[in-house]
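Asker: The file below is data_2.csv, CSV, C-alpha atoms and all ligand atoms:
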chain,number,residue,atom,x,y,z
N,1458,MET,CA,207.0,12.1,181.3
N,1459,PRO,CA,204.7,10.2,183.6
N,1460,LEU,CA,203.0,7.2,182.0
N,1461,VAL,CA,200.2,8.6,179.7
N,1462,SER,CA,197.0,7.1,178.3
N,1463,THR,CA,197.1,5.3,175.0
N,1464,ARG,CA,194.0,7.4,174.1
N,1465,GLN,CA,196.1,10.6,174.2
N,1466,LEU,CA,198.8,9.0,172.0
N,1467,LEU,CA,196.2,7.8,169.5
N,1468,ASP,CA,194.3,11.1,169.5
N,1469,GLU,CA,197.6,12.9,168.7
N,1470,ALA,CA,198.4,10.2,166.0
N,1471,ALA,CA,195.1,10.9,164.4
N,1472,LYS,CA,195.8,14.6,164.3
N,1473,GLY,CA,199.2,13.9,162.8
N,1474,GLY,CA,198.1,11.2,160.4
N,1475,TYR,CA,200.5,8.6,161.6
N,1476,GLY,CA,200.5,5.2,163.5
N,1477,VAL,CA,202.0,4.3,166.8
N,1478,GLY,CA,203.8,1.0,167.3
N,1479,ALA,CA,202.7,-1.0,170.3
N,1480,PHE,CA,205.6,-3.3,171.2
N,1481,ASN,CA,205.3,-6.3,173.5
N,1482,VAL,CA,207.7,-6.9,176.3
N,1483,ASN,CA,208.5,-9.6,178.9
N,1484,ASN,CA,211.7,-8.3,180.4
N,1485,MET,CA,214.1,-5.4,181.1
N,1486,GLU,CA,216.1,-5.7,177.9
N,1487,GLN,CA,213.1,-5.4,175.7
N,1488,ILE,CA,211.9,-2.3,177.5
N,1489,GLN,CA,215.3,-0.8,177.2
N,1490,ALA,CA,215.5,-1.6,173.5
N,1491,ILE,CA,212.1,0.1,172.8
N,1492,MET,CA,213.0,3.2,174.9
N,1493,GLU,CA,216.4,3.6,173.1
N,1494,ALA,CA,214.6,3.2,169.8
N,1495,ALA,CA,212.0,5.9,170.9
N,1496,LYS,CA,214.8,8.2,171.9
N,1497,GLU,CA,216.8,7.6,168.7
N,1498,THR,CA,213.8,8.4,166.6
N,1499,ASN,CA,212.1,10.9,168.9
N,1500,SER,CA,208.9,8.8,169.0
N,1501,PRO,CA,205.9,8.5,171.3
N,1502,VAL,CA,205.4,4.8,172.1
N,1503,ILE,CA,203.1,2.2,173.5
N,1504,ILE,CA,204.7,-0.7,175.5
N,1505,GLN,CA,202.3,-3.6,176.0
N,1506,ALA,CA,202.3,-6.7,178.1
N,1507,SER,CA,200.1,-9.8,177.6
N,1508,ARG,CA,198.8,-12.0,180.4
N,1509,GLY,CA,201.7,-14.3,179.5
N,1510,ALA,CA,204.2,-11.5,180.0
N,1511,ARG,CA,202.6,-10.6,183.4
N,1512,ALA,CA,202.9,-14.2,184.5
N,1513,TYR,CA,206.5,-14.5,183.3
N,1514,ALA,CA,207.9,-11.2,184.7
N,1515,GLN,CA,205.4,-10.7,187.6
N,1516,ASP,CA,203.3,-7.6,187.7
N,1517,LYS,CA,205.4,-5.6,190.1
N,1518,TYR,CA,208.7,-6.1,188.1
N,1519,LEU,CA,206.9,-5.1,184.9
N,1520,TYR,CA,205.3,-2.0,186.4
N,1521,HIS,CA,208.4,-0.7,188.1
N,1522,LEU,CA,210.5,-1.3,185.0
N,1523,MET,CA,207.9,0.8,183.2
N,1524,LEU,CA,208.1,3.5,185.8
N,1525,ALA,CA,211.9,3.5,185.4
N,1526,ALA,CA,211.5,3.9,181.7
N,1527,ALA,CA,209.1,6.9,182.2
N,1528,GLU,CA,211.6,8.5,184.6
N,1529,LEU,CA,214.7,7.9,182.5
N,1530,TYR,CA,213.1,9.2,179.3
N,1531,PRO,CA,211.1,12.2,180.4
N,1532,GLU,CA,210.9,13.5,176.8
N,1533,ILE,CA,209.1,10.4,175.5
N,1534,PRO,CA,205.3,10.0,175.7
N,1535,LEU,CA,204.9,6.4,176.9
N,1536,ALA,CA,201.8,4.4,177.5
N,1537,MET,CA,201.6,1.0,179.3
N,1538,HIS,CA,199.0,-1.2,177.8
N,1539,LEU,CA,197.4,-4.6,178.6
N,1540,ASP,CA,197.4,-6.7,175.5
N,1541,HIS,CA,194.5,-9.2,175.1
N,1542,GLY,CA,192.8,-9.0,178.5
N,1543,ASN,CA,190.7,-12.2,178.5
N,1544,SER,CA,188.2,-11.1,181.2
N,1545,TYR,CA,186.8,-8.2,183.2
N,1546,GLU,CA,188.9,-9.4,186.2
N,1547,THR,CA,192.1,-9.4,184.2
N,1548,CYS,CA,191.5,-5.8,183.0
N,1549,VAL,CA,190.6,-4.6,186.5
N,1550,SER,CA,193.8,-6.1,187.9
N,1551,ALA,CA,195.8,-4.4,185.2
N,1552,ILE,CA,194.2,-1.0,186.0
N,1553,GLU,CA,194.7,-1.5,189.7
N,1554,LEU,CA,198.4,-2.2,189.0
N,1555,GLY,CA,198.9,1.0,187.0
N,1556,PHE,CA,198.4,0.1,183.3
N,1557,THR,CA,197.2,3.3,181.5
N,1558,SER,CA,195.1,1.4,179.0
N,1559,VAL,CA,193.7,-2.1,178.6
N,1560,MET,CA,192.5,-4.3,175.8
N,1561,MET,CA,189.4,-6.3,176.6
N,1562,ASP,CA,189.5,-9.0,174.0
N,1563,GLY,CA,185.9,-10.1,174.3
N,1564,SER,CA,186.0,-11.7,170.8
N,1565,LEU,CA,187.0,-14.8,172.7
N,1566,GLN,CA,185.6,-16.5,175.8
N,1567,PRO,CA,187.7,-16.1,179.0
N,1568,ASP,CA,189.5,-19.3,178.1
N,1569,GLY,CA,191.2,-17.2,175.4
N,1570,LYS,CA,190.4,-19.8,172.7
N,1571,THR,CA,186.7,-20.2,172.1
N,1572,PRO,CA,185.1,-17.4,169.9
N,1573,ALA,CA,182.5,-15.5,171.9
N,1574,THR,CA,179.1,-14.3,170.6
N,1575,PHE,CA,178.7,-10.7,169.5
N,1576,GLU,CA,176.4,-10.1,172.5
N,1577,GLU,CA,178.9,-11.6,175.0
N,1578,ASN,CA,181.6,-9.4,173.5
N,1579,VAL,CA,179.6,-6.2,173.8
N,1580,ALA,CA,178.5,-7.0,177.4
N,1581,VAL,CA,182.0,-7.7,178.8
N,1582,THR,CA,183.7,-4.9,176.8
N,1583,LYS,CA,181.1,-2.3,178.0
N,1584,LYS,CA,181.6,-3.5,181.6
N,1585,VAL,CA,185.3,-2.9,181.3
N,1586,VAL,CA,184.7,0.6,179.7
N,1587,ASP,CA,182.3,1.4,182.6
N,1588,TYR,CA,185.0,0.5,185.1
N,1589,ALA,CA,188.0,2.1,183.2
N,1590,HIS,CA,186.8,5.4,182.0
N,1591,PRO,CA,185.9,6.9,185.4
N,1592,ARG,CA,189.5,6.0,186.3
N,1593,GLY,CA,190.9,7.7,183.2
N,1594,ILE,CA,192.0,4.5,181.6
N,1595,ALA,CA,191.4,3.8,177.9
N,1596,VAL,CA,189.9,0.6,176.5
N,1597,GLU,CA,190.6,-1.2,173.2
N,1598,GLY,CA,188.0,-3.7,172.1
N,1599,GLU,CA,188.2,-6.4,169.4
N,1600,ILE,CA,185.6,-7.3,166.8
N,1601,GLY,CA,186.1,-10.3,164.7
N,1602,VAL,CA,188.7,-12.9,165.7
N,1603,LEU,CA,192.4,-13.1,164.7
N,1604,GLY,CA,194.1,-16.3,163.6
N,1605,GLY,CA,196.9,-18.1,165.3
N,1606,VAL,CA,197.8,-18.5,168.9
N,1607,GLU,CA,200.4,-16.6,170.9
N,1608,ASP,CA,201.2,-16.9,174.6
N,1609,GLY,CA,198.4,-19.4,174.8
N,1610,HIS,CA,195.9,-16.9,173.6
N,1611,GLY,CA,194.0,-17.2,170.3
N,1612,ALA,CA,191.4,-19.2,168.4
N,1613,GLY,CA,194.0,-20.8,166.2
N,1614,GLY,CA,193.4,-21.4,162.5
N,1615,THR,CA,193.9,-18.8,159.7
N,1616,GLY,CA,192.9,-15.2,160.1
N,1617,LEU,CA,190.2,-15.6,157.6
N,1618,GLU,CA,187.6,-17.5,159.7
N,1619,HIS,CA,186.1,-14.6,161.6
N,1620,LEU,CA,186.7,-11.4,159.7
N,1621,THR,CA,185.3,-8.2,161.1
N,1622,ASP,CA,182.0,-7.2,159.6
N,1623,PRO,CA,181.9,-3.4,159.2
N,1624,ASP,CA,178.2,-3.1,160.3
N,1625,GLN,CA,179.0,-5.1,163.5
N,1626,ALA,CA,182.0,-2.8,164.0
N,1627,VAL,CA,179.7,0.2,164.0
N,1628,GLU,CA,177.3,-1.4,166.4
N,1629,PHE,CA,180.1,-2.5,168.6
N,1630,ALA,CA,181.7,0.9,168.8
N,1631,GLU,CA,178.3,2.6,169.5
N,1632,ARG,CA,177.3,0.1,172.2
N,1633,THR,CA,180.6,-0.2,174.1
N,1634,GLY,CA,182.2,3.3,173.9
N,1635,VAL,CA,185.7,1.8,173.3
N,1636,ASP,CA,188.5,4.2,172.6
N,1637,SER,CA,190.0,2.0,169.9
N,1638,LEU,CA,188.9,-1.0,167.9
N,1639,ALA,CA,191.0,-4.0,166.9
N,1640,VAL,CA,189.9,-5.5,163.6
N,1641,ALA,CA,190.3,-8.9,162.2
N,1642,ILE,CA,191.4,-8.6,158.6
N,1643,GLY,CA,193.2,-11.9,157.9
N,1644,THR,CA,196.3,-11.4,160.2
N,1645,SER,CA,197.4,-14.0,162.7
N,1646,HIS,CA,199.4,-13.9,165.9
N,1647,GLY,CA,202.9,-15.6,166.0
N,1648,ALA,CA,205.5,-16.0,163.3
N,1649,TYR,CA,203.5,-18.1,160.9
N,1650,LYS,CA,201.0,-15.6,159.5
N,1651,PHE,CA,201.1,-16.4,155.8
N,1652,THR,CA,202.5,-19.2,153.7
N,1653,LYS,CA,203.4,-16.8,150.9
N,1654,LYS,CA,203.7,-13.1,150.5
N,1655,PRO,CA,200.1,-12.0,151.3
N,1656,ASP,CA,197.9,-10.7,148.6
N,1657,GLY,CA,194.3,-9.5,148.8
N,1658,SER,CA,193.0,-13.1,149.0
N,1659,VAL,CA,194.4,-13.5,152.5
N,1660,LEU,CA,195.1,-10.0,153.8
N,1661,LYS,CA,191.8,-8.0,153.6
N,1662,MET,CA,193.1,-4.4,153.7
N,1663,GLU,CA,189.9,-3.4,151.9
N,1664,LEU,CA,188.0,-4.2,155.2
N,1665,VAL,CA,190.1,-1.6,157.0
N,1666,VAL,CA,189.1,0.9,154.3
N,1667,ALA,CA,185.5,-0.1,154.6
N,1668,ILE,CA,185.4,0.1,158.4
N,1669,HIS,CA,187.3,3.5,158.4
N,1670,LYS,CA,184.7,4.8,156.0
N,1671,ARG,CA,181.9,4.0,158.4
N,1672,LEU,CA,183.8,5.0,161.6
N,1673,PRO,CA,186.0,7.8,160.3
N,1674,LYS,CA,187.0,9.1,163.8
N,1675,THR,CA,187.5,5.7,165.5
N,1676,HIS,CA,191.1,4.6,166.2
N,1677,LEU,CA,191.6,1.3,164.5
N,1678,VAL,CA,194.2,-1.3,165.7
N,1679,MET,CA,196.1,-3.9,163.7
N,1680,HIS,CA,197.1,-7.0,165.6
N,1681,GLY,CA,199.5,-9.6,164.4
N,1682,SER,CA,201.3,-7.0,162.4
N,1683,SER,CA,204.9,-8.0,162.5
N,1684,SER,CA,206.4,-8.0,159.1
N,1685,VAL,CA,208.6,-11.1,159.9
N,1686,PRO,CA,211.4,-9.8,157.6
N,1687,GLN,CA,213.4,-12.3,155.6
N,1688,ASP,CA,216.7,-11.1,156.9
N,1689,LEU,CA,215.8,-11.8,160.5
N,1690,GLN,CA,214.5,-15.2,159.6
N,1691,ASP,CA,217.8,-15.9,157.8
N,1692,ILE,CA,219.9,-14.9,160.7
N,1693,VAL,CA,218.1,-17.2,163.0
N,1694,ASN,CA,218.4,-20.1,160.6
N,1695,LYS,CA,222.0,-19.3,159.6
N,1696,TYR,CA,223.0,-19.9,163.2
N,1697,GLY,CA,221.3,-23.2,163.8
N,1698,GLY,CA,217.6,-22.1,164.0
N,1699,LYS,CA,214.9,-24.1,162.3
N,1700,LEU,CA,212.2,-21.6,161.3
N,1701,LYS,CA,210.0,-22.7,158.5
N,1702,GLN,CA,209.8,-20.1,155.7
N,1703,THR,CA,207.0,-17.6,156.6
N,1704,TRP,CA,205.6,-14.2,155.7
N,1705,GLY,CA,204.2,-11.4,157.8
N,1706,VAL,CA,202.3,-8.3,157.1
N,1707,PRO,CA,204.2,-6.1,154.6
N,1708,VAL,CA,205.1,-2.7,155.9
N,1709,GLU,CA,203.4,-1.1,152.8
N,1710,GLU,CA,200.1,-2.7,153.8
N,1711,ILE,CA,200.4,-1.4,157.3
N,1712,GLN,CA,201.1,2.0,155.9
N,1713,LEU,CA,197.9,1.7,153.8
N,1714,GLY,CA,196.1,0.9,157.0
N,1715,ILE,CA,197.6,4.0,158.7
N,1716,ARG,CA,196.2,6.1,155.8
N,1717,ASN,CA,192.8,4.6,156.7
N,1718,GLY,CA,192.4,5.1,160.4
N,1719,VAL,CA,194.9,2.6,161.8
N,1720,ARG,CA,196.5,4.3,164.8
N,1721,LYS,CA,198.0,1.4,166.8
N,1722,VAL,CA,200.1,-1.3,165.2
N,1723,ASN,CA,201.0,-4.3,167.4
N,1724,VAL,CA,204.4,-5.8,166.9
N,1725,ASP,CA,205.9,-8.7,168.8
N,1726,THR,CA,207.3,-11.4,166.5
N,1727,ASP,CA,209.8,-9.1,164.8
N,1728,SER,CA,211.4,-8.3,168.2
N,1729,ARG,CA,211.5,-11.9,169.1
N,1730,LEU,CA,213.2,-12.9,165.9
N,1731,ALA,CA,215.8,-10.0,166.2
N,1732,ILE,CA,216.7,-11.1,169.8
N,1733,THR,CA,216.9,-14.8,169.0
N,1734,GLY,CA,219.0,-14.3,165.9
N,1735,ALA,CA,221.5,-12.1,167.8
N,1736,ILE,CA,221.8,-14.5,170.6
N,1737,ARG,CA,222.2,-17.5,168.3
N,1738,LYS,CA,225.0,-15.6,166.4
N,1739,VAL,CA,227.0,-15.1,169.6
N,1740,PHE,CA,226.5,-18.7,170.7
N,1741,VAL,CA,227.8,-20.0,167.3
N,1742,GLU,CA,230.6,-17.5,166.7
N,1743,GLN,CA,231.8,-17.2,170.3
N,1744,PRO,CA,231.0,-20.5,172.0
N,1745,GLU,CA,233.5,-19.7,174.8
N,1746,LYS,CA,231.3,-16.8,176.0
N,1747,PHE,CA,229.2,-17.4,179.2
N,1748,ASP,CA,228.5,-13.9,180.5
N,1749,PRO,CA,224.8,-13.3,179.7
N,1750,ARG,CA,225.7,-9.7,178.9
N,1751,ASP,CA,227.8,-10.9,176.0
N,1752,TYR,CA,224.7,-12.1,174.2
N,1753,LEU,CA,221.9,-9.9,175.8
N,1754,LYS,CA,223.6,-6.7,174.7
N,1755,PRO,CA,223.7,-7.6,171.0
N,1756,ALA,CA,220.1,-9.0,171.4
N,1757,ARG,CA,219.0,-5.7,172.8
N,1758,ALA,CA,220.7,-3.8,170.0
N,1759,ALA,CA,219.1,-6.0,167.4
N,1760,MET,CA,215.7,-5.4,168.8
N,1761,GLN,CA,216.3,-1.6,169.0
N,1762,LYS,CA,217.2,-1.6,165.4
N,1763,VAL,CA,214.0,-3.3,164.2
N,1764,VAL,CA,211.8,-1.2,166.5
N,1765,ALA,CA,213.4,2.1,165.4
N,1766,LEU,CA,212.8,1.0,161.8
N,1767,ARG,CA,209.1,0.3,162.5
N,1768,MET,CA,208.8,3.7,164.3
N,1769,THR,CA,210.1,5.4,161.3
N,1770,GLN,CA,207.9,3.4,158.9
N,1771,PHE,CA,204.7,3.9,161.0
N,1772,GLY,CA,205.3,7.7,161.0
N,1773,GLN,CA,205.5,8.2,164.8
N,1774,ALA,CA,209.2,9.2,164.5
N,1775,GLY,CA,209.7,12.9,165.3
N,1776,HIS,CA,206.5,13.3,167.2
N,1777,ALA,CA,207.6,12.8,170.8
N,1778,GLY,CA,207.8,16.5,171.4
N,1779,ASP,CA,204.4,17.5,169.9
N,1780,TYR,CA,202.4,17.5,173.1
N,1781,LYS,CA,202.5,17.5,176.9
N,1782,ALA,CA,201.3,14.7,179.1
N,1783,ILE,CA,197.6,14.7,180.2
N,1784,SER,CA,197.4,13.2,183.6
N,1785,ILE,CA,195.3,10.1,184.1
N,1786,ALA,CA,193.2,12.1,186.6
N,1787,ASP,CA,192.5,14.7,183.9
N,1788,MET,CA,191.7,11.9,181.4
N,1789,ALA,CA,189.0,10.8,183.9
N,1790,LYS,CA,187.6,14.3,184.0
N,1791,GLY,CA,187.6,14.3,180.2
N,1792,TYR,CA,185.6,11.1,180.0
N,1793,LYS,CA,183.2,12.6,182.6
N,1794,ASP,CA,182.6,16.0,181.0
N,1795,GLY,CA,182.4,14.6,177.5
N,1796,THR,CA,185.6,16.2,176.0
N,1797,LEU,CA,186.9,12.7,175.5
N,1798,SER,CA,183.6,11.5,174.0
N,1799,THR,CA,183.6,7.9,172.9
N,1800,LYS,CA,180.4,8.1,171.0
N,1801,PRO,CA,181.6,7.3,167.5
N,1802,GLU,CA,180.9,9.4,164.5
N,1803,VAL,CA,179.2,7.1,162.1
N,1804,ALA,CA,179.1,7.8,158.3
N,1805,LYS,CA,176.2,6.6,156.2
N,1806,LYS,CA,176.9,3.6,153.9
N,1901,ZN,ZN,196.9,-9.4,169.3
Represent the structure of the file as structure tokens.

Answerer:
Amino acid sequence: MPLVSTRQLLDEAAKGGYGVGAFNVNNMEQIQAIMEAAKETNSPVIIQASRGARAYAQDKYLYHLMLAAAELYPEIPLAMHLDHGNSYETCVSAIELGFTSVMMDGSLQPDGKTPATFEENVAVTKKVVDYAHPRGIAVEGEIGVLGGVEDGHGAGGTGLEHLTDPDQAVEFAERTGVDSLAVAIGTSHGAYKFTKKPDGSVLKMELVVAIHKRLPKTHLVMHGSSSVPQDLQDIVNKYGGKLKQTWGVPVEEIQLGIRNGVRKVNVDTDSRLAITGAIRKVFVEQPEKFDPRDYLKPARAAMQKVVALRMTQFGQAGHAGDYKAISIADMAKGYKDGTLSTKPEVAKK
């Protein structure tokens, strides 16, 4: 299947009542792991790259690896998404390269650290939407600010400092016309999300429920949603790692979100932990090895395993064959003629 729009994947996920994992990549092995997991579970999938990933891998390598994935797995609906675009220019450069959807994270200033005002966020996000939709490209916005820092992006602190306000979410969706909305509900980027198993005092799932009640048709996005499972932490530490004990977002909380309008679930840390644990294990158990394939193969397999598990838990498994690709040119027509309306349906309080 050619690369498709994230909007199509999320529209289908809404019809089917499931979530779609959006997995971050930096290199070939991670893309291969995700595609094998998608094939194994028959899942549509979003592969996303941050600015840091684009700088690490170079745009052209990334893009052509994604084209290879689409060509090698014609049965898998696959979207290529820009994670945390920090400015209009970053989003435009991604669209010019061939990304099929972009996130404009206007919750922060272009420095990727300083929280922006609501008006600044609306203005830059709307500007990206106005550029993207005529080209058939979907846009994710963010309202509220996540905690933590990853790839140099983030306001830092806990996830509780700038939670999404449901009324602002409504106004933001109405004024920007975004295809999907990332919400800040207490989660953070990186491995150190919570210092104990999160309860309602730090993970505000009731906010997702409240936002979904007001915007019942808007696709919601959960960032910082790795579960950071204990067994993956243990493998890293067993083989010489020094991770501090940490907790992620429990899968059952993500599933509660999916029952309340969450359609895209961002996962990065779990993949990183799986890869690092597998590589450390080879280095410790077989220190005589020096062929990178000897440790990259098990690393790839470990990532495939955790990604396949998430695909099953999010409910996207089994849905790859539900629909045919809509071309990006036809998406553009849909935005123009209103069949892909982005005027949100708003329920009364
Ligand atoms: Zn994020």

Asker: Counting all atoms listed in the file, figure out which residue out of N:Leu1539, N:Leu1730, N:Leu1753, N:Val1665 gets nearest to ligand ZN 1901 (chain N).

Answerer: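 When distances to ligand ZN 1901 (chain N) are compared using all atoms listed in the file, the smallest one comes from N:Leu1539.
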
Asker: Could you check which of N:Leu1766, N:Met1788, N:Ala1506, N:Ile1783 is closest to ligand ZN 1901 (chain N), using all atoms listed in the file?

Answerer: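 Of N:Leu1766, N:Met1788, N:Ala1506, N:Ile1783, the one nearest ligand ZN 1901 (chain N), counting all atoms listed in the file, is N:Ala1506.
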
Asker: Pick out the residues no farther than 8 Å from ligand ZN 1901 (chain N), counting all atoms listed in the file, and list them as JSON, numbers by chain.

Answerer: {"N": [1540, 1541, 1603, 1646, 1679, 1680, 1681, 1723]}

Asker: Expressed in Å to a single decimal, how great is the separation between atom CA of Gln1690 of chain N and atom CA of Ala1731 of chain N?

Answerer: 8.5 Å

Asker: When you look at segment 1697-1701 of chain N with a cut-off of 9 Å (counting all atoms listed in the file), what residues show up, excluding the ones that are within fewer than 2 positions of it in the same chain? I need them as an mmCIF file with C-alpha atoms, in the frame of the given file.

Answerer:
data_model
loop_
_atom_site.group_PDB
_atom_site.id
_atom_site.type_symbol
_atom_site.label_atom_id
_atom_site.label_comp_id
_atom_site.auth_asym_id
_atom_site.auth_seq_id
_atom_site.Cartn_x
_atom_site.Cartn_y
_atom_site.Cartn_z
ATOM 1 C CA ALA N 1648 205.500 -16.000 163.300
ATOM 2 C CA TYR N 1649 203.500 -18.100 160.900
ATOM 3 C CA GLN N 1690 214.500 -15.200 159.600
ATOM 4 C CA ASP N 1691 217.800 -15.900 157.800
ATOM 5 C CA ILE N 1692 219.900 -14.900 160.700
ATOM 6 C CA VAL N 1693 218.100 -17.200 163.000
ATOM 7 C CA ASN N 1694 218.400 -20.100 160.600
ATOM 8 C CA LYS N 1695 222.000 -19.300 159.600
ATOM 9 C CA THR N 1703 207.000 -17.600 156.600
ATOM 10 C CA THR N 1733 216.900 -14.800 169.000
ATOM 11 C CA GLY N 1734 219.000 -14.300 165.900
ATOM 12 C CA ARG N 1737 222.200 -17.500 168.300
ATOM 13 C CA LYS N 1738 225.000 -15.600 166.400
ATOM 14 C CA VAL N 1741 227.800 -20.000 167.300
#

Asker: Check the smallest atom-to-atom distance from each of N:Gly1593, N:Ser1637, N:Tyr1752, N:His1676 to Asp1794 of chain N using only C-alpha atoms, then report the winner.

Answerer: N:Gly1593

Asker: If we count all atoms listed in the file, what is near His1538 of chain N at a cut-off of 9 Å, once residues fewer than 4 positions away on the same chain are taken out, given as an MDAnalysis selection string?

Answerer: chainID N and resid 1462:1463 1479 1503:1507 1551 1556:1560

Asker: One number please: atom CA of Ala1735 of chain N to atom CA of Ala1759 of chain N, in Å, one decimal.

Answerer: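 Between atom CA of Ala1735 of chain N and atom CA of Ala1759 of chain N the gap is 6.6 Å.
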
Asker: Pick the closest to Val1659 of chain N from N:Gly1778, N:Pro1623, N:Gly1613, N:Gly1604: which is it, counting all atoms listed in the file?

Answerer: N:Gly1604

Asker: To one decimal place, how far is atom CA of Ala1536 of chain N from atom CA of Asp1568 of chain N in Å?

Answerer: 26.7 Å

Asker: Which residues are close to Lys1754 of chain N, i.e. within 10 Å by only C-alpha atoms, leaving aside same-chain residues fewer than 3 positions away? Reply as a ChimeraX atom specification.

Answerer: /N:1486,1490,1732,1735-1736,1749-1751,1757-1760

Asker: Out of N:Gly1563, N:Gly1609, N:Gly1509, N:Pro1459, which residue has the shortest atom-to-atom distance to Leu1529 of chain N when counting all atoms listed in the file?

Answerer: N:Pro1459

Asker: Choose the residue, out of N:Phe1629, N:Tyr1780, N:Phe1651, N:Tyr1696, that has the smallest atom-to-atom separation from Ala1470 of chain N; count all atoms listed in the file.

Answerer: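 Checking each candidate against Ala1470 of chain N, we get N:Tyr1780 as the closest.
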
Asker: Skipping near chain neighbours, those fewer than 4 positions away, what residues fall within 12 Å of Val1803 of chain N using all atoms listed in the file, listed as number ranges by chain?

Answerer: N: 1623-1624, 1626-1631, 1668-1675, 1799

Asker: May I have the residues from that selection written out with C-alpha atoms, as a PDB file, keeping the file's coordinate frame?

Answerer:
ATOM      1  CA  PRO N1623     181.900  -3.400 159.200  1.00  0.00           C
ATOM      2  CA  ASP N1624     178.200  -3.100 160.300  1.00  0.00           C
ATOM      3  CA  ALA N1626     182.000  -2.800 164.000  1.00  0.00           C
ATOM      4  CA  VAL N1627     179.700   0.200 164.000  1.00  0.00           C
ATOM      5  CA  GLU N1628     177.300  -1.400 166.400  1.00  0.00           C
ATOM      6  CA  PHE N1629     180.100  -2.500 168.600  1.00  0.00           C
ATOM      7  CA  ALA N1630     181.700   0.900 168.800  1.00  0.00           C
ATOM      8  CA  GLU N1631     178.300   2.600 169.500  1.00  0.00           C
ATOM      9  CA  ILE N1668     185.400   0.100 158.400  1.00  0.00           C
ATOM     10  CA  HIS N1669     187.300   3.500 158.400  1.00  0.00           C
ATOM     11  CA  LYS N1670     184.700   4.800 156.000  1.00  0.00           C
ATOM     12  CA  ARG N1671     181.900   4.000 158.400  1.00  0.00           C
ATOM     13  CA  LEU N1672     183.800   5.000 161.600  1.00  0.00           C
ATOM     14  CA  PRO N1673     186.000   7.800 160.300  1.00  0.00           C
ATOM     15  CA  LYS N1674     187.000   9.100 163.800  1.00  0.00           C
ATOM     16  CA  THR N1675     187.500   5.700 165.500  1.00  0.00           C
ATOM     17  CA  THR N1799     183.600   7.900 172.900  1.00  0.00           C
TER      18      THR N1799
END

Asker: Could you pull the residues within 8 Å of segment 1578-1591 of chain N, counting all atoms listed in the file, minus those fewer than 4 positions along the same chain, as JSON, numbers by chain?

Answerer: {"N": [1544, 1545, 1548, 1549, 1552, 1561, 1562, 1563, 1564, 1565, 1573, 1574, 1595, 1596, 1598, 1629, 1632, 1633, 1634, 1635, 1789, 1790, 1792, 1793]}
